[in-house]
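Raw upload-v5.pdb, PDB, C-alpha atoms and all ligand atoms:
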```pdb
ATOM      1  CA  MET A   1      13.778  -4.348  12.891
ATOM      2  CA  ALA A   2      14.666  -7.521  14.774
ATOM      3  CA  ASP A   3      17.954  -7.992  16.565
ATOM      4  CA  ALA A   4      20.753  -8.333  13.988
ATOM      5  CA  ARG A   5      21.522 -11.896  15.108
ATOM      6  CA  ARG A   6      17.949 -12.965  14.774
ATOM      7  CA  GLY A   7      16.034 -13.652  11.608
ATOM      8  CA  ILE A   8      13.014 -11.678  10.552
ATOM      9  CA  VAL A   9       9.696 -13.305  11.398
ATOM     10  CA  ILE A  10       6.757 -12.832   9.037
ATOM     11  CA  THR A  11       3.412 -14.146  10.244
ATOM     12  CA  VAL A  12       0.610 -14.597   7.743
ATOM     13  CA  PHE A  13      -2.696 -14.188   9.544
ATOM     14  CA  SER A  14      -6.367 -13.664   8.732
ATOM     15  CA  THR A  15      -9.708 -13.594  10.476
ATOM     16  CA  ALA A  16     -11.385 -15.778   7.848
ATOM     17  CA  SER A  17     -10.554 -19.208   6.450
ATOM     18  CA  ALA A  18      -9.624 -19.904   2.863
ATOM     19  CA  VAL A  19      -8.396 -16.407   2.047
ATOM     20  CA  GLY A  20      -5.027 -17.604   0.750
ATOM     21  CA  LYS A  21      -2.750 -17.664   3.837
ATOM     22  CA  THR A  22      -1.075 -20.933   2.917
ATOM     23  CA  LEU A  23      -0.677 -20.080  -0.763
ATOM     24  CA  ILE A  24       0.904 -16.755   0.133
ATOM     25  CA  SER A  25       3.106 -18.203   2.898
ATOM     26  CA  ILE A  26       4.660 -20.800   0.598
ATOM     27  CA  ASN A  27       5.203 -18.223  -2.111
ATOM     28  CA  MET A  28       6.830 -15.799   0.324
ATOM     29  CA  ALA A  29       9.140 -18.529   1.563
ATOM     30  CA  ALA A  30       9.999 -19.626  -1.984
ATOM     31  CA  GLU A  31      10.621 -16.073  -3.197
ATOM     32  CA  LEU A  32      12.859 -15.248  -0.234
ATOM     33  CA  ALA A  33      14.781 -18.509  -0.719
ATOM     34  CA  LYS A  34      15.114 -17.775  -4.421
ATOM     35  CA  GLN A  35      16.790 -14.516  -3.488
ATOM     36  CA  GLY A  36      19.393 -16.422  -1.505
ATOM     37  CA  TYR A  37      18.050 -15.871   1.992
ATOM     38  CA  ARG A  38      18.035 -18.685   4.528
ATOM     39  CA  VAL A  39      14.339 -19.379   4.989
ATOM     40  CA  CYS A  40      12.208 -21.592   7.191
ATOM     41  CA  LEU A  41       8.476 -21.927   6.653
ATOM     42  CA  VAL A  42       6.552 -22.962   9.758
ATOM     43  CA  ASP A  43       3.114 -24.548   9.444
ATOM     44  CA  MET A  44       1.369 -23.341  12.564
ATOM     45  CA  ASP A  45      -2.074 -24.375  11.438
ATOM     46  CA  LEU A  46      -1.831 -27.122  14.026
ATOM     47  CA  GLN A  47      -5.015 -28.999  13.186
ATOM     48  CA  PHE A  48      -5.451 -28.551   9.459
ATOM     49  CA  GLY A  49      -2.022 -27.569   8.187
ATOM     50  CA  ASP A  50      -1.737 -27.603   4.397
ATOM     51  CA  VAL A  51       1.836 -26.499   3.784
ATOM     52  CA  CYS A  52       3.189 -29.994   3.132
ATOM     53  CA  ASN A  53       0.203 -30.837   0.919
ATOM     54  CA  TYR A  54       0.683 -27.681  -1.124
ATOM     55  CA  LEU A  55       4.417 -28.371  -1.494
ATOM     56  CA  GLN A  56       3.944 -32.148  -1.938
ATOM     57  CA  LEU A  57       6.284 -32.957   0.932
ATOM     58  CA  GLN A  58       6.137 -36.028   3.135
ATOM     59  CA  PRO A  59       7.606 -34.952   6.461
ATOM     60  CA  GLN A  60       9.328 -37.513   8.641
ATOM     61  CA  ARG A  61       9.243 -35.166  11.637
ATOM     62  CA  THR A  62       6.864 -32.435  12.650
ATOM     63  CA  LEU A  63       6.353 -29.672  15.178
ATOM     64  CA  THR A  64       4.997 -32.297  17.563
ATOM     65  CA  ASP A  65       8.346 -34.135  17.475
ATOM     66  CA  ALA A  66      10.205 -30.849  17.875
ATOM     67  CA  VAL A  67       8.322 -29.721  20.980
ATOM     68  CA  THR A  68       8.487 -33.221  22.484
ATOM     69  CA  ALA A  69      12.267 -33.310  22.052
ATOM     70  CA  LEU A  70      12.605 -29.781  23.408
ATOM     71  CA  GLU A  71      10.537 -30.576  26.491
ATOM     72  CA  THR A  72      12.490 -33.813  27.076
ATOM     73  CA  ASP A  73      15.980 -32.346  26.894
ATOM     74  CA  LYS A  74      16.419 -28.706  26.008
ATOM     75  CA  ASN A  75      20.222 -28.923  26.059
ATOM     76  CA  SER A  76      20.471 -31.471  23.271
ATOM     77  CA  PHE A  77      17.629 -30.008  21.220
ATOM     78  CA  ALA A  78      18.643 -29.068  17.682
ATOM     79  CA  VAL A  79      15.779 -27.455  15.806
ATOM     80  CA  GLN A  80      17.184 -28.274  12.364
ATOM     81  CA  ASP A  81      16.734 -32.002  13.075
ATOM     82  CA  PHE A  82      12.984 -31.509  12.813
ATOM     83  CA  LEU A  83      12.807 -29.754   9.476
ATOM     84  CA  THR A  84      11.809 -31.119   6.108
ATOM     85  CA  THR A  85      13.704 -29.725   3.161
ATOM     86  CA  TYR A  86      11.951 -28.310   0.140
ATOM     87  CA  ASP A  87      14.557 -28.384  -2.601
ATOM     88  CA  ARG A  88      12.822 -28.573  -5.935
ATOM     89  CA  TYR A  89      13.601 -26.046  -8.672
ATOM     90  CA  ASP A  90      16.999 -25.388  -7.050
ATOM     91  CA  VAL A  91      15.405 -23.213  -4.405
ATOM     92  CA  PRO A  92      15.916 -24.828  -1.014
ATOM     93  CA  PHE A  93      14.148 -23.861   2.166
ATOM     94  CA  GLY A  94      13.286 -25.574   5.437
ATOM     95  CA  VAL A  95       9.774 -26.510   6.488
ATOM     96  CA  MET A  96       8.589 -27.143  10.043
ATOM     97  CA  ALA A  97       5.633 -29.382   9.315
ATOM     98  CA  ALA A  98       2.348 -29.224  11.213
ATOM     99  CA  PRO A  99       1.354 -32.207  13.369
ATOM    100  CA  LEU A 100       0.170 -35.152  11.299
ATOM    101  CA  ARG A 101      -2.756 -36.008  13.559
ATOM    102  CA  LEU A 102      -5.395 -33.554  14.643
ATOM    103  CA  GLU A 103      -5.352 -34.570  18.309
ATOM    104  CA  GLU A 104      -1.645 -33.776  18.636
ATOM    105  CA  ALA A 105      -2.501 -30.084  18.468
ATOM    106  CA  TYR A 106      -4.091 -30.197  21.925
ATOM    107  CA  ASN A 107      -0.811 -31.166  23.574
ATOM    108  CA  ILE A 108       1.333 -28.485  22.005
ATOM    109  CA  GLN A 109       2.315 -25.846  24.540
ATOM    110  CA  THR A 110       2.646 -22.257  23.396
ATOM    111  CA  ALA A 111       5.843 -21.764  25.429
ATOM    112  CA  SER A 112       7.500 -24.654  23.593
ATOM    113  CA  VAL A 113       6.455 -23.346  20.194
ATOM    114  CA  LYS A 114       7.867 -19.959  21.151
ATOM    115  CA  GLU A 115      11.203 -21.573  21.993
ATOM    116  CA  VAL A 116      11.186 -23.434  18.655
ATOM    117  CA  LEU A 117      10.554 -20.159  16.834
ATOM    118  CA  LEU A 118      13.328 -18.406  18.740
ATOM    119  CA  GLN A 119      15.738 -21.177  17.803
ATOM    120  CA  LEU A 120      14.700 -20.967  14.158
ATOM    121  CA  GLN A 121      15.334 -17.228  14.270
ATOM    122  CA  LEU A 122      18.930 -17.928  15.226
ATOM    123  CA  ARG A 123      19.482 -20.125  12.155
ATOM    124  CA  PHE A 124      17.478 -18.444   9.439
ATOM    125  CA  ASP A 125      17.296 -15.001   7.872
ATOM    126  CA  PHE A 126      13.528 -15.321   7.537
ATOM    127  CA  VAL A 127      10.982 -17.402   9.420
ATOM    128  CA  VAL A 128       7.622 -17.348   7.630
ATOM    129  CA  ILE A 129       4.675 -18.563   9.711
ATOM    130  CA  ASP A 130       1.426 -19.815   8.228
ATOM    131  CA  THR A 131      -1.409 -19.769  10.766
ATOM    132  CA  ALA A 132      -4.965 -20.904  11.364
ATOM    133  CA  SER A 133      -7.587 -18.133  11.412
ATOM    134  CA  MET A 134      -8.034 -17.564  15.119
ATOM    135  CA  PHE A 135      -6.910 -15.331  17.961
ATOM    136  CA  SER A 136      -5.223 -18.150  19.853
ATOM    137  CA  ASP A 137      -2.336 -17.934  22.320
ATOM    138  CA  ILE A 138      -0.038 -19.481  19.793
ATOM    139  CA  ASN A 139      -0.931 -16.992  17.048
ATOM    140  CA  LEU A 140      -0.583 -14.024  19.398
ATOM    141  CA  THR A 141       2.847 -15.308  20.399
ATOM    142  CA  ALA A 142       3.838 -15.562  16.739
ATOM    143  CA  MET A 143       2.589 -12.026  16.129
ATOM    144  CA  GLU A 144       4.506 -10.770  19.135
ATOM    145  CA  LEU A 145       7.739 -12.250  17.768
ATOM    146  CA  SER A 146       7.039 -10.969  14.280
ATOM    147  CA  THR A 147       8.707  -8.128  12.496
ATOM    148  CA  ILE A 148       5.861  -8.120   9.989
ATOM    149  CA  VAL A 149       2.324  -9.445  10.287
ATOM    150  CA  THR A 150       0.717  -9.956   6.901
ATOM    151  CA  PHE A 151      -2.958  -9.541   7.722
ATOM    152  CA  LEU A 152      -4.633 -11.069   4.721
ATOM    153  CA  GLY A 153      -8.189 -10.361   3.714
ATOM    154  CA  ILE A 154     -10.581 -10.779   0.885
ATOM    155  CA  VAL A 155     -13.515  -8.546   0.152
ATOM    156  CA  ASP A 156     -16.378 -10.848  -0.668
ATOM    157  CA  PHE A 157     -19.156 -10.946   1.915
ATOM    158  CA  ILE A 158     -20.143  -8.472   4.624
ATOM    159  CA  PRO A 159     -19.391 -10.972   7.465
ATOM    160  CA  THR A 160     -15.821 -11.432   6.165
ATOM    161  CA  ILE A 161     -15.316  -7.683   6.217
ATOM    162  CA  LYS A 162     -16.883  -7.360   9.668
ATOM    163  CA  ASN A 163     -14.450  -9.992  11.002
ATOM    164  CA  MET A 164     -11.520  -8.321   9.292
ATOM    165  CA  LYS A 165     -12.452  -5.069  11.015
ATOM    166  CA  SER A 166     -12.902  -6.625  14.441
ATOM    167  CA  GLY A 167      -9.594  -8.500  14.038
ATOM    168  CA  HIS A 168      -7.820  -5.346  12.934
ATOM    169  CA  ASP A 169      -9.275  -3.373  15.858
ATOM    170  CA  SER A 170      -8.389  -6.136  18.309
ATOM    171  CA  ILE A 171      -4.762  -6.199  17.197
ATOM    172  CA  ARG A 172      -4.568  -2.448  17.815
ATOM    173  CA  GLU A 173      -6.323  -2.675  21.170
ATOM    174  CA  MET A 174      -3.965  -5.415  22.297
ATOM    175  CA  GLY A 175      -1.157  -2.925  21.919
ATOM    176  CA  PHE A 176       0.634  -4.482  18.967
ATOM    177  CA  ASP A 177       2.794  -2.075  17.061
ATOM    178  CA  VAL A 178       0.495  -1.100  14.189
ATOM    179  CA  ASN A 179       3.512  -0.451  12.001
ATOM    180  CA  LYS A 180       4.179  -4.133  11.749
ATOM    181  CA  ILE A 181       0.687  -4.917  10.512
ATOM    182  CA  ARG A 182       0.426  -4.956   6.725
ATOM    183  CA  MET A 183      -3.125  -5.288   5.436
ATOM    184  CA  VAL A 184      -2.931  -7.265   2.216
ATOM    185  CA  LEU A 185      -5.934  -7.774  -0.002
ATOM    186  CA  ASN A 186      -6.079 -11.083  -1.861
ATOM    187  CA  ARG A 187      -8.248 -12.035  -4.851
ATOM    188  CA  SER A 188      -8.903  -8.363  -5.510
ATOM    189  CA  ASN A 189     -10.690  -8.610  -8.836
ATOM    190  CA  SER A 190     -12.962 -11.489  -7.919
ATOM    191  CA  LYS A 191     -16.576 -10.631  -8.602
ATOM    192  CA  THR A 192     -17.952  -8.515  -5.799
ATOM    193  CA  ARG A 193     -20.080  -5.410  -5.546
ATOM    194  CA  ILE A 194     -18.246  -4.149  -2.494
ATOM    195  CA  ASP A 195     -16.247  -0.977  -2.984
ATOM    196  CA  LEU A 196     -12.637  -1.238  -1.844
ATOM    197  CA  GLN A 197     -12.527   2.335  -0.638
ATOM    198  CA  ASP A 198     -15.532   1.745   1.604
ATOM    199  CA  VAL A 199     -13.711  -1.203   3.150
ATOM    200  CA  GLU A 200     -10.561   0.833   3.700
ATOM    201  CA  GLN A 201     -12.608   3.576   5.320
ATOM    202  CA  LEU A 202     -14.232   1.072   7.618
ATOM    203  CA  LEU A 203     -10.883  -0.477   8.578
ATOM    204  CA  GLY A 204      -9.302   2.903   9.086
ATOM    205  CA  SER A 205      -6.301   1.946   7.007
ATOM    206  CA  GLU A 206      -5.419   1.368   3.396
ATOM    207  CA  PHE A 207      -4.371  -1.961   1.983
ATOM    208  CA  TYR A 208      -0.588  -2.129   1.840
ATOM    209  CA  HIS A 209      -0.583  -4.424  -1.157
ATOM    210  CA  ILE A 210      -3.132  -5.972  -3.488
ATOM    211  CA  LEU A 211      -2.947  -9.456  -4.981
ATOM    212  CA  PRO A 212      -5.145 -10.263  -7.953
ATOM    213  CA  ASN A 213      -7.560 -13.125  -8.281
ATOM    214  CA  ASP A 214      -6.203 -15.932 -10.477
ATOM    215  CA  PHE A 215      -7.910 -19.213  -9.900
ATOM    216  CA  GLY A 216      -5.989 -21.037 -12.662
ATOM    217  CA  ALA A 217      -2.542 -20.044 -11.390
ATOM    218  CA  ALA A 218      -3.444 -20.810  -7.770
ATOM    219  CA  GLN A 219      -4.821 -24.232  -8.674
ATOM    220  CA  ARG A 220      -1.851 -25.105 -10.868
ATOM    221  CA  SER A 221       0.500 -24.270  -8.021
ATOM    222  CA  ILE A 222      -1.334 -26.611  -5.664
ATOM    223  CA  GLN A 223      -1.612 -29.410  -8.231
ATOM    224  CA  THR A 224       2.068 -29.334  -9.190
ATOM    225  CA  GLY A 225       3.565 -28.445  -5.797
ATOM    226  CA  CYS A 226       5.431 -25.597  -7.502
ATOM    227  CA  PRO A 227       4.986 -22.197  -5.820
ATOM    228  CA  LEU A 228       3.861 -19.612  -8.366
ATOM    229  CA  VAL A 229       7.013 -17.558  -7.903
ATOM    230  CA  LEU A 230       9.102 -20.518  -9.093
ATOM    231  CA  ASP A 231       6.860 -21.287 -12.052
ATOM    232  CA  SER A 232       8.312 -20.154 -15.386
ATOM    233  CA  LYS A 233       4.883 -18.921 -16.451
ATOM    234  CA  ALA A 234       4.422 -15.193 -15.911
ATOM    235  CA  THR A 235       1.121 -14.231 -14.316
ATOM    236  CA  PRO A 236      -0.052 -11.026 -12.615
ATOM    237  CA  LEU A 237      -0.465 -12.976  -9.350
ATOM    238  CA  LYS A 238       3.139 -14.183  -9.510
ATOM    239  CA  THR A 239       4.362 -10.640 -10.222
ATOM    240  CA  GLU A 240       2.408  -9.151  -7.332
ATOM    241  CA  MET A 241       3.544 -11.873  -4.926
ATOM    242  CA  ARG A 242       7.141 -11.113  -5.879
ATOM    243  CA  ASN A 243       6.526  -7.379  -5.548
ATOM    244  CA  LEU A 244       5.111  -7.849  -2.063
ATOM    245  CA  VAL A 245       8.252  -9.685  -0.976
ATOM    246  CA  ALA A 246      10.424  -7.038  -2.638
ATOM    247  CA  ARG A 247       8.607  -4.392  -0.571
ATOM    248  CA  TYR A 248       9.229  -6.399   2.601
ATOM    249  CA  THR A 249      12.918  -6.887   1.893
ATOM    250  CA  ASN A 250      13.268  -3.422   0.407
ATOM    251  CA  ARG A 251      15.340  -5.088  -2.254
ATOM    252  CA  PRO A 252      14.686  -4.810  -5.987
ATOM    253  CA  LEU A 253      13.888  -8.128  -7.645
ATOM    254  CA  GLU A 254      16.906  -8.154  -9.939
ATOM    255  CA  LYS A 255      19.344  -8.072  -7.013
ATOM    256  CA  ALA A 256      18.811 -11.712  -6.151
ATOM    257  CA  LYS A 257      21.830 -13.418  -4.710
ATOM    258  CA  GLU A 258      23.367 -16.076  -6.908
ATOM    259  CA  ASP A 259      24.399 -18.709  -4.476
ATOM    260  CA  SER A 260      21.202 -19.868  -2.835
ATOM    261  CA  VAL A 261      22.321 -23.456  -2.330
ATOM    262  CA  SER A 262      25.625 -23.481  -0.481
ATOM    263  CA  TRP A 263      24.324 -21.734   2.642
ATOM    264  CA  PHE A 264      21.551 -24.258   2.957
ATOM    265  CA  LYS A 265      23.916 -27.184   3.250
ATOM    266  CA  LYS A 266      25.646 -25.370   6.105
ATOM    267  CA  ILE A 267      22.395 -25.148   8.067
ATOM    268  CA  PHE A 268      22.251 -28.916   8.340
ATOM    269  CA  GLN A 269      25.930 -29.517   9.133
TER     270      GLN A 269
HETATM  271  N1  LIG B   1      -5.151 -14.857  -5.499
HETATM  272  C1  LIG B   1      -5.863 -15.984  -5.634
HETATM  273  N2  LIG B   1      -6.578 -16.209  -6.746
HETATM  274  C2  LIG B   1      -7.307 -17.324  -6.888
HETATM  275  N3  LIG B   1      -7.396 -18.298  -5.978
HETATM  276  C3  LIG B   1      -6.697 -18.128  -4.839
HETATM  277  C4  LIG B   1      -5.895 -16.980  -4.599
HETATM  278  N4  LIG B   1      -5.330 -17.105  -3.389
HETATM  279  C5  LIG B   1      -5.760 -18.280  -2.896
HETATM  280  N5  LIG B   1      -6.578 -18.902  -3.748
HETATM  281  C6  LIG B   1      -7.256 -20.193  -3.568
HETATM  282  O1  LIG B   1      -8.057 -20.095  -2.414
HETATM  283  C7  LIG B   1      -8.091 -21.352  -1.741
HETATM  284  C8  LIG B   1      -7.686 -21.154  -0.297
HETATM  285  O2  LIG B   1      -6.310 -20.828  -0.255
HETATM  286  P1  LIG B   1      -5.449 -21.206   1.026
HETATM  287  O3  LIG B   1      -5.577 -22.648   1.358
HETATM  288  O4  LIG B   1      -4.080 -20.689   0.797
HETATM  289  O5  LIG B   1      -6.202 -20.349   2.129
HETATM  290  P2  LIG B   1      -5.998 -20.362   3.711
HETATM  291  O6  LIG B   1      -6.298 -18.973   4.164
HETATM  292  O7  LIG B   1      -4.681 -20.933   4.042
HETATM  293  O8  LIG B   1      -7.159 -21.350   4.165
HETATM  294  P3  LIG B   1      -7.334 -22.030   5.626
HETATM  295  O9  LIG B   1      -7.882 -20.955   6.514
HETATM  296  O10 LIG B   1      -8.304 -23.133   5.376
HETATM  297  O11 LIG B   1      -5.996 -22.508   6.072
HETATM  298  C9  LIG B   1      -7.157 -22.298  -2.494
HETATM  299  O12 LIG B   1      -7.914 -23.118  -3.356
HETATM  300  C10 LIG B   1      -6.294 -21.343  -3.306
HETATM  301  O13 LIG B   1      -5.891 -21.920  -4.520
HETATM  302 MG    MG B   2      -4.125 -22.554   5.264
END
```

For the structure just supplied, provide its representation as structure tokens.
Amino acid sequence: MADARRGIVITVFSTASAVGKTLISINMAAELAKQGYRVCLVDMDLQFGDVCNYLQLQPQRTLTDAVTALETDKNSFAVQDFLTTYDRYDVPFGVMAAPLRLEEAYNIQTASVKEVLLQLQLRFDFVVIDTASMFSDINLTAMELSTIVTFLGIVDFIPTIKNMKSGHDSIREMGFDVNKIRMVLNRSNSKTRIDLQDVEQLLGSEFYHILPNDFGAAQRSIQTGCPLVLDSKATPLKTEMRNLVARYTNRPLEKAKEDSVSWFKKIFQ
């Protein structure tokens, strides 16, 4: 576990695009916030970040502004000044928005992002990081800082599985602690002829958790800006997302803290 004074970092990573990283990141953040934890969701998909779109937020400041301020004057840098607040449905959490323009991504230094993440860790119980699907410096840094890496995959085509395997092997070869890697299968019951057990055998590890396919629920969440876990409608996908978080926190769902609002105000004081 991370140092007691530092928040837990959860990076959501995959070796393929469009496997559900952003959907799962926002739901993890929302579920943790709902349980009363202080949560910041970081959109580290620097070129094509979707977090603010999915949550229907219009950020005034982004990671670009944060790293610029940090590099200009580290002593007066206050990371909370660069967050956008998600506070619908009485479940507040902070969001570090991705750059608004694609070209800004080229000027973002990994060392500065690392410092931003370290500062967020000092203020929040959980820092959830959504990533782009690549083995970049910035993603490896996030994984290094992470307590848990949610390695998300779907089992649809052979090339997706091949890339999942090579990504999984690479993470091991790079010397990352394998105990922090949690292989999570998304869209499990989507139509495919590929046997799950064959995939697990190929990967050399079992899936830690399985999330069902539910196109309707996923689409509704994106259309309304309401994470599934905050939606009053019960769906198997919502239940399994909540169960995944409960496994991470080792905390039964019913033990949610009551006061999830007052702490949040303190963060911005
Ligand atoms: N369990 C699921 N069931 C049905 N649809 C899903 C599920 N998870 C994600 N989706 C859908 O898959 C699409 C891709 O999801 P998402 O944008 O979260 O993926 P991503 O991995 O972040 O993609 P990218 O690599 O482009 O950032 C979205 O339309 C989302 O609604
Ligand atoms: Mg995404």

For the provided coordinates, the residues matched by the PyMOL selection byres (((chain A and resi 134) around 9) and not hetatm) should be stated as a list in words. Phe13, Ser14, Thr15, Ala16, Thr131, Ala132, Ser133, Phe135, Ser136 and Asn139 of chain A

If you apply the PyMOL selection byres (((chain A and resi 88-102) around 8) and not hetatm) to this file, what residues do you get, as number ranges by chain? A: 29-30, 33-34, 38-49, 51-52, 59, 61-64, 82-87, 103-105, 230, 260-261, 264

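Considering the residues A:Ile222, A:Val199, A:Ile158, A:Met143 and counting all atoms listed in the file, ligand MG 2 (chain B) has its shortest atom-to-atom contact with A:Ile222.
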
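Across the model, the gap from atom CA of A:Asn189 to atom CA of A:Leu211 is 8.7 Å.
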
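Once only C-alpha atoms and all ligand atoms are used for the distance check, the residues close to ligand LIG 1 (chain B) at 6 Å turn out to be Ser17, Ala18, Val19, Gly20, Lys21, Thr22, Leu23, Ala132, Ser133, Asn186, Arg187, Leu211, Pro212, Asn213, Asp214, Phe215, Ala218 and Gln219 of chain A.
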
Separation of atom CA of A:Thr110 from atom CA of A:Phe124 in Å: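 Distance between the two atoms: 20.7 Å.
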
Interatomic distance (Å, one decimal) between atom CA of A:Ser205 and atom CA of A:Asp156: 18.0 Å

Set up a box along x, y and z of the file covering all listed atoms of stretch 221-237 of chain A, add 6 Å on every one of the six sides, and write the centre and edge lengths in Å to one decimal, as JSON.
```
{"center_x": 3.7, "center_y": -20.2, "center_z": -11.1, "size_x": 22.7, "size_y": 30.4, "size_z": 22.8}
```

Take the point (-5.7, 0.5, 2.0) as written in the file and pick out every residue within 12 Å of it, counting all atoms listed in the file; give the list as a ChimeraX atom specification. /A:151-153,181-185,195-210

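Closest approach to A:Val128 from the set A:Gly225, A:Pro159, A:Gly216, A:Gly7 is made by A:Gly7, with distances taken over all atoms listed in the file.
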
Which protein, DNA or RNA residues are at most 8 Å from (4.9, -8.5, -0.6) in the file's coordinates when you count only C-alpha atoms, listed as a ChimeraX atom specification? /A:28,209,240-248

Using C-alpha atoms, can you export the residues from the last selection as a PDB file, in the frame of the given file?
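Wrote it out as again-v5.pdb, contents follow:
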```pdb
ATOM      1  CA  MET A  28       6.830 -15.799   0.324  1.00  0.00           C
ATOM      2  CA  HIS A 209      -0.583  -4.424  -1.157  1.00  0.00           C
ATOM      3  CA  GLU A 240       2.408  -9.151  -7.332  1.00  0.00           C
ATOM      4  CA  MET A 241       3.544 -11.873  -4.926  1.00  0.00           C
ATOM      5  CA  ARG A 242       7.141 -11.113  -5.879  1.00  0.00           C
ATOM      6  CA  ASN A 243       6.526  -7.379  -5.548  1.00  0.00           C
ATOM      7  CA  LEU A 244       5.111  -7.849  -2.063  1.00  0.00           C
ATOM      8  CA  VAL A 245       8.252  -9.685  -0.976  1.00  0.00           C
ATOM      9  CA  ALA A 246      10.424  -7.038  -2.638  1.00  0.00           C
ATOM     10  CA  ARG A 247       8.607  -4.392  -0.571  1.00  0.00           C
ATOM     11  CA  TYR A 248       9.229  -6.399   2.601  1.00  0.00           C
TER      12      TYR A 248
END
```

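Using only C-alpha atoms, the smallest distance between any of A:Lys114, A:Val79, A:Asn53, A:Lys162 and A:Thr224 comes from A:Asn53.
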
Given the file shown, determine the residues that the PyMOL selection byres (((chain A and resi 180) around 12) and not hetatm) selects; report them as a PyMOL selection string. chain A and resi 1-2+8-12+143-151+171-172+175-179+181-183+208+248

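Proximity ranking of A:Val229, A:Val67, A:Ile129, A:Gly167 relative to ligand MG 2 (chain B) places A:Ile129 first, based on all atoms listed in the file.
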
Could you write stretch 215-220 of chain A as a short mmCIF file (atom, residue, chain, number, x, y, z; two decimals), keeping the file's coordinate frame, with all heavy atoms rebuilt where they are missing?
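result_6.cif written:
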```cif
data_model
loop_
_atom_site.label_atom_id
_atom_site.label_comp_id
_atom_site.auth_asym_id
_atom_site.auth_seq_id
_atom_site.Cartn_x
_atom_site.Cartn_y
_atom_site.Cartn_z
N PHE A 215 -7.56 -17.86 -10.31
CA PHE A 215 -7.91 -19.21 -9.90
C PHE A 215 -7.01 -20.25 -10.59
O PHE A 215 -6.49 -21.17 -9.94
CB PHE A 215 -9.39 -19.49 -10.23
CG PHE A 215 -9.86 -20.82 -9.77
CD1 PHE A 215 -10.12 -21.05 -8.42
CD2 PHE A 215 -10.02 -21.86 -10.67
CE1 PHE A 215 -10.54 -22.30 -7.99
CE2 PHE A 215 -10.45 -23.12 -10.25
CZ PHE A 215 -10.71 -23.33 -8.89
N GLY A 216 -6.78 -20.06 -11.89
CA GLY A 216 -5.99 -21.04 -12.66
C GLY A 216 -4.57 -21.16 -12.11
O GLY A 216 -4.08 -22.27 -11.89
N ALA A 217 -3.93 -20.02 -11.87
CA ALA A 217 -2.54 -20.04 -11.39
C ALA A 217 -2.47 -20.65 -9.99
O ALA A 217 -1.58 -21.46 -9.69
CB ALA A 217 -1.98 -18.63 -11.38
N ALA A 218 -3.44 -20.29 -9.14
CA ALA A 218 -3.44 -20.81 -7.77
C ALA A 218 -3.65 -22.33 -7.79
O ALA A 218 -2.93 -23.07 -7.10
CB ALA A 218 -4.54 -20.13 -6.96
N GLN A 219 -4.56 -22.79 -8.60
CA GLN A 219 -4.82 -24.23 -8.67
C GLN A 219 -3.63 -25.00 -9.23
O GLN A 219 -3.27 -26.06 -8.74
CB GLN A 219 -6.06 -24.51 -9.56
CG GLN A 219 -7.36 -24.21 -8.88
CD GLN A 219 -7.50 -24.84 -7.49
OE1 GLN A 219 -7.40 -24.16 -6.49
NE2 GLN A 219 -7.68 -26.14 -7.43
N ARG A 220 -3.00 -24.43 -10.26
CA ARG A 220 -1.85 -25.10 -10.87
C ARG A 220 -0.73 -25.27 -9.84
O ARG A 220 -0.09 -26.32 -9.75
CB ARG A 220 -1.35 -24.30 -12.08
CG ARG A 220 -0.33 -25.06 -12.92
CD ARG A 220 0.01 -24.36 -14.22
NE ARG A 220 0.54 -23.02 -14.03
CZ ARG A 220 -0.14 -21.91 -14.25
NH1 ARG A 220 -1.37 -21.96 -14.70
NH2 ARG A 220 0.41 -20.74 -14.04
#
```
